[in-house]
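Asks: I have a structure I would like to understand better, so I am pasting it below and will then ask my questions one at a time.
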Amino acid sequence: MVKVLEPEIKSAALQAVGTRHPKLDALEKVQGKAVYIHDLKVPRMLYGKILWSEHAHARILKIDTSRAEKLPGVRAVITGYNTPEIRTGFFKDNPVLKKGKVRQYRDEVAAVAAETPEIAEEAVRLIDVEYEPLPAVFDPFEAMREDAPLIHEDKESNILKLPWKLVCGDPDEGYRQADFIAEESYSLPWVTHCCLGTSGCLAEFHANGNLTVHSPTQIRYLAQRDFMEVMAALGLKDKRVQVVTTAIGGAFGSKLDTYPFEFITILLAYYTGRPVRLIFSREEEFFATATRQKVEAKISQGCTKEGLLTFRDVDMVLDNGAYTSWGATTPSVMMMPISSLYKVPNVNYRARCVYTNNIYATAMRGYGNPQATFAIESQMDTLAEMVGIDPLEFRMINANTPGEVTPQGFRVGSCGLKECLKAVRESLNWDEKRGKKDGRGVGIGSLIHVGGGARIYKSDGCGTIIKLDDFGKVTVMSGATDMGQGADTVVAQIVAEELGVRIDDIAVIMGNTDQETWDVGAHASRTTFVAGNSALLAARKAKEEILDLAAPLLNEPREALDIKDRHVFSKEKPDVSMQLGRVLRAAHFKTGGTQIVTAHFYDPPTQMLDREMKGNFSAAYTYGVHGAEVEVERDTGQVNVLKYVIAMDVGKAINPMLLEGQLEGGVAMGLGYSLMEEMHLDRGKVLNPNFLDYKILTFPDMPEVDSIIIETDDQAGPFGAKGIGEPPLVGTAPAIANAIYDATGIRIRSLPITMEKILAAEDE
Amino acid sequence: MKISFHLNGEAVTTEVPDHITLLEMLRDEFELIGAKEGCGQGECGSCTVLVDQEAVNSCLMLAVYANGKSVVTIEGLAGAQGKLDPLQEAFVKHGAVQCGYCTPGMIMSAKALLIENPRPNREQIKQGMAGNMCRCTGYIKIIEAIEAVSEGGDSNGQGS
């Protein structure tokens with residue numbers, strides 16, 4: 001269902017934008033022709049393999065690689081002792097090959113390159129490592145104690161020097177103003193991305209010393225920068241690094257950082273002088289990649305007897321694991337719902353990230369927002385009940401509105417939160433179904449997310465180059481990354497619309513650092529907005545040039561011309577027109593001729609958060625509401641999701657079909673987070689590294705989803721669009737938890753909400 | 001061991017080591033990269049191919065057992081002159097493809113389902129496809145694509 005808010009939205013005359021055009025590479029993919037990292041082979045390629053730690057925390061006394069080196073077919077065996085030290089991660093606390101000690105089971109101790117995968121596997125088995133186990137710590141609260149074993153001896157404490165803190169307004173005054181206050185604790189598990197295509201890369205040095213890395217990365221330009229550090233360590237700092245993105249078999253944030261295995265592959269390629277490909281097994285994908293972080297949250301919120309929120313106070317502890325990737329920075333995004341979901345004048349937030357000997361954490365779709373929103377939105381129901389106001393009405397009273405500036409300094413442009421609440425109320429038949437506690441119930445969870453990029457680096461930009469050939473066909477070279485979400489198609493639709501050509505006239509090139517201009521990466525739901533604006537403005541420049549060339553050819557004033565359906569025409573005299581290809585050929589094939597090539601680098605008009613963590617860090621904000629109807633089987637604790645509705649204010653749906661795909665896919669991932677997904681660790685070791693023991697949703701688990709698209713025509717977005725990639729799983733867990741409460745009166749404050757937890761709560 | 005079988009309609013003979021899986025043989029010997037390894041343990045369905053018209057996890061079947069059988073992979077699904085199977089067309093048209101890694105296995109499982117039951121209802125599709133995992137789509141568009149072919153009744157298992 002698509003609902004347009006403004007009656008005079010500009011979409012009326014659109015040809016390409018707003019259509020349900022199939023994803024550009026779908027034809028290739030349904031024929032099995034797309035080339036993923038697993039399919040890529042080059043001549044003389046070797047196979048890489050990593051030896052992982054056998055302990056959660058231990059000194060490395062000795063590594064004996066002699067037996068592995070003697071195995072026929074082995075071309076290199078590397079360790080931290082025979083390679084230059086290279087450190088990776090946000091804090092540069094993660095040596096790519098460990099030396100001195102290991103800090104978790106997923107630590108890289110050695111690696112080999114061999115002629116076949118079987119030889120490589122055998123070779124790592126032949127590496128002998130002597131360890132001296134050290135006392136380990138697996139609980140972040142224990143790790144904060146002064147007598148806890150230090151994970152990194154060069155640091156004073158296991159608490160990261162990353163003091164996340166946000167204070168808005170006067171939280172004490174907000175506390176005093178409150179007539180009702182709810183105080184609770186919430187607990188969120190480790191979950192992982194479960195990309196169907198496992199991680200891997202292929203590194204290749206060329207005769208001139210330059211390096212090419214083929215990788216399904218979401219951040220090829222940041223990866224390029226990181227890989228340059230390896231080149232420097234190898235004495236090749238003046239050489240070039242090219243990163244080529246293969247087809248990506250799922251990403252969801254997992255490929256938003258560079259990881260030791262990539263640096264190891266580059267080292268293996270360097271030392272063997274041959275291309276090396278390294279690919280994770282499914283088991284490695286589960287235990288050796290970084291996850292969504294585990295969070296313990298204390299939250300309190302208060303409101304007046306009229307239902308107006310007066311303050312929100314949140315204190316979190318994040319289990320950082322032994323190394324620091326993006327997981328430790330997710331509090332910067334958690335601040336967004338904490339400060340700016342609903343009008344809440346006084347806010348206090350603190351988060352501590354703590355080193356442990358557990359697995360470490362990176363970005364995952366939502367980037368902290370699902371954890372924070374689970375706590376906030378579950379508690380909104382608790383508070384609503386205390387005040388005695390219908391939970392949906394309670395949210396309406398406090399809902400954000402267009403044009404407001406939130407306490408953290410976000411300048412909200414378009415905002416369809418109230419419309420989303422109304423749509424969900426209607427779709428769920430809320431007023432009829434709520435409040436019966438008869439085993440069936442309804443619940444909702446609202447959300448805010450960045451929808452116009454997120455300035456977490458100094459640049460949030462994206463470049464686009466557009467060229468037109470002699471036949472009116474268009475090539476778009478975009479720095480953006482398509483990982484299945486449809487960035488390729490959305491960019492083509494925007495360019496087709498602006499240039500008046502058909503989507504099929506456009507070839508989109510994405511995925512090669514030598515061929516396009518820079519982009520910060522596919523994160524923060526930013527691609528449609530940032531890459532879309534970049535493509536739109538590059539296309540606008542091309543259009544200007546086309547009209548300049550066409551005016552004398554058509555003998556018409558330049559201002560009277562426009563382009564539609566591959567023709568330049570006069571808006572005043574509809575019979576005066578010329579095929580676009582003809583215009584381009586006439587401009588090209590003459591003395592002093594020209595061809596059209598334009599470029600635009602778009603960087604959104606936003607601010608880095610300041611020292612107080614305040615500022616307008618996104619150029620638009622996306623709002624939405626999740627709603628669920630569930631049935632809880634009292635005998636078993638089984639939760640059946642009978643109906644799901646998601647209403648999203650997306651600004652403008654560039655491609656409603658691909659948008660629905662994001663909504664449905666996000667909901668599926670969110671339902672997994674709500675009801676079944678959890679990585680179980682025992683003293684740092686992952687116990688369920690496979691799809692039998694780590695459950696994700698399958699076909700029979702998926703409920704029907706009513707996707708409601710609200711269009712608010714954001715002034716900053718390309719054709720009014722805002723970002724949408726992450727929000728479809730941000731509000732899922734509270735919607736489910738609130739529906740379970742409505743059905744049973746049982747409030748579960750830890751995810752996943754398993755049958756066991758419900759049964760245990762029934763017994764209480 | 002030397003084996004002979006039909007691969008995407010053509011008679012082939014090859015020498016394979018006993019321990020190689022059908023998936024490895026298809027990908028490494030025949031360079032048919034459509035079938036994917038997602039887990040290597042028969043849990044995700046990304047490697048699904050048809051063996052004698054039935055869906056098989058090719059990561060679990062030893063290659064030598066293909067001897068004398070008929071194997072169809074995603075590359076063999078399109079008809080003459082590359083005309084796509086109705087399922088392939090429906091997956092494109094209904095937005096059933098995102099990252100695409102699970103897609104070849106999905107389509108082959110759907111093919112086997114429709115061979116067995118040309119007009120499955122929504123519930124039968126969900127049950128019939130339960131062995132194939134997708135992390136991108138939430139399955140709904142895949143179900144719609146299969147339903148479209150099922151309702152059209154033009155996929156009767158003969159690959160059109």
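All residue names refer to the structure tokens as shown: chains lettered A, B, ... in order, residues numbered from 1 in each chain, ligands numbered from 1 in order.
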Select all residues from chain A having any atom no more than 6 Å from an atom of chain B (counting only C-alpha atoms, ignoring ligands), output as an MDAnalysis selection string.

Replies: chainID A and resid 22 26 29:32 196:197 249:250 282 483:485 661 664:665 668 698:700

Asks: Would you please give, as a list in words, all residues of range 4-151 of chain B that DSSP assigns to strand (DSSP E) based on the backbone?

Replies: Ser4, Phe5, His6, Leu7, Glu10, Ala11, Val12, Thr13, Thr14, Glu15, Thr48, Val49, Leu50, Val51, Glu54, Ala55, Val56, Asn57, Ser70, Val71 and Val72 of chain B

Asks: Counting only C-alpha atoms, what are the residues of range 45-92 of chain B within 9 Å of range 10-21 of chain B, and for each of them which pair of atoms is the nearest and at what distance in Å, to one decimal? Sort the table by chain and rising number, as CSV.

Replies:
```
residue,atom,partner,partner_atom,distance
B:Ser58,CA,B:Thr21,CA,6.8
B:Cys59,CA,B:Thr21,CA,5.8
B:Leu60,CA,B:Thr21,CA,6.6
B:Met61,CA,B:Thr21,CA,5.6
B:Leu62,CA,B:Thr21,CA,4.1
B:Ala63,CA,B:Thr21,CA,4.8
B:Val64,CA,B:Asp18,CA,6.4
B:Asn67,CA,B:Thr13,CA,8.9
B:Ser70,CA,B:Ala11,CA,8.9
```

Asks: Name the residues of range 592-744 of chain A that come out as helix (DSSP H, G or I) in a backbone DSSP run; write them as a PyMOL selection string.

Replies: chain A and resi 656-675+699-701+718-720+727-730+732-744
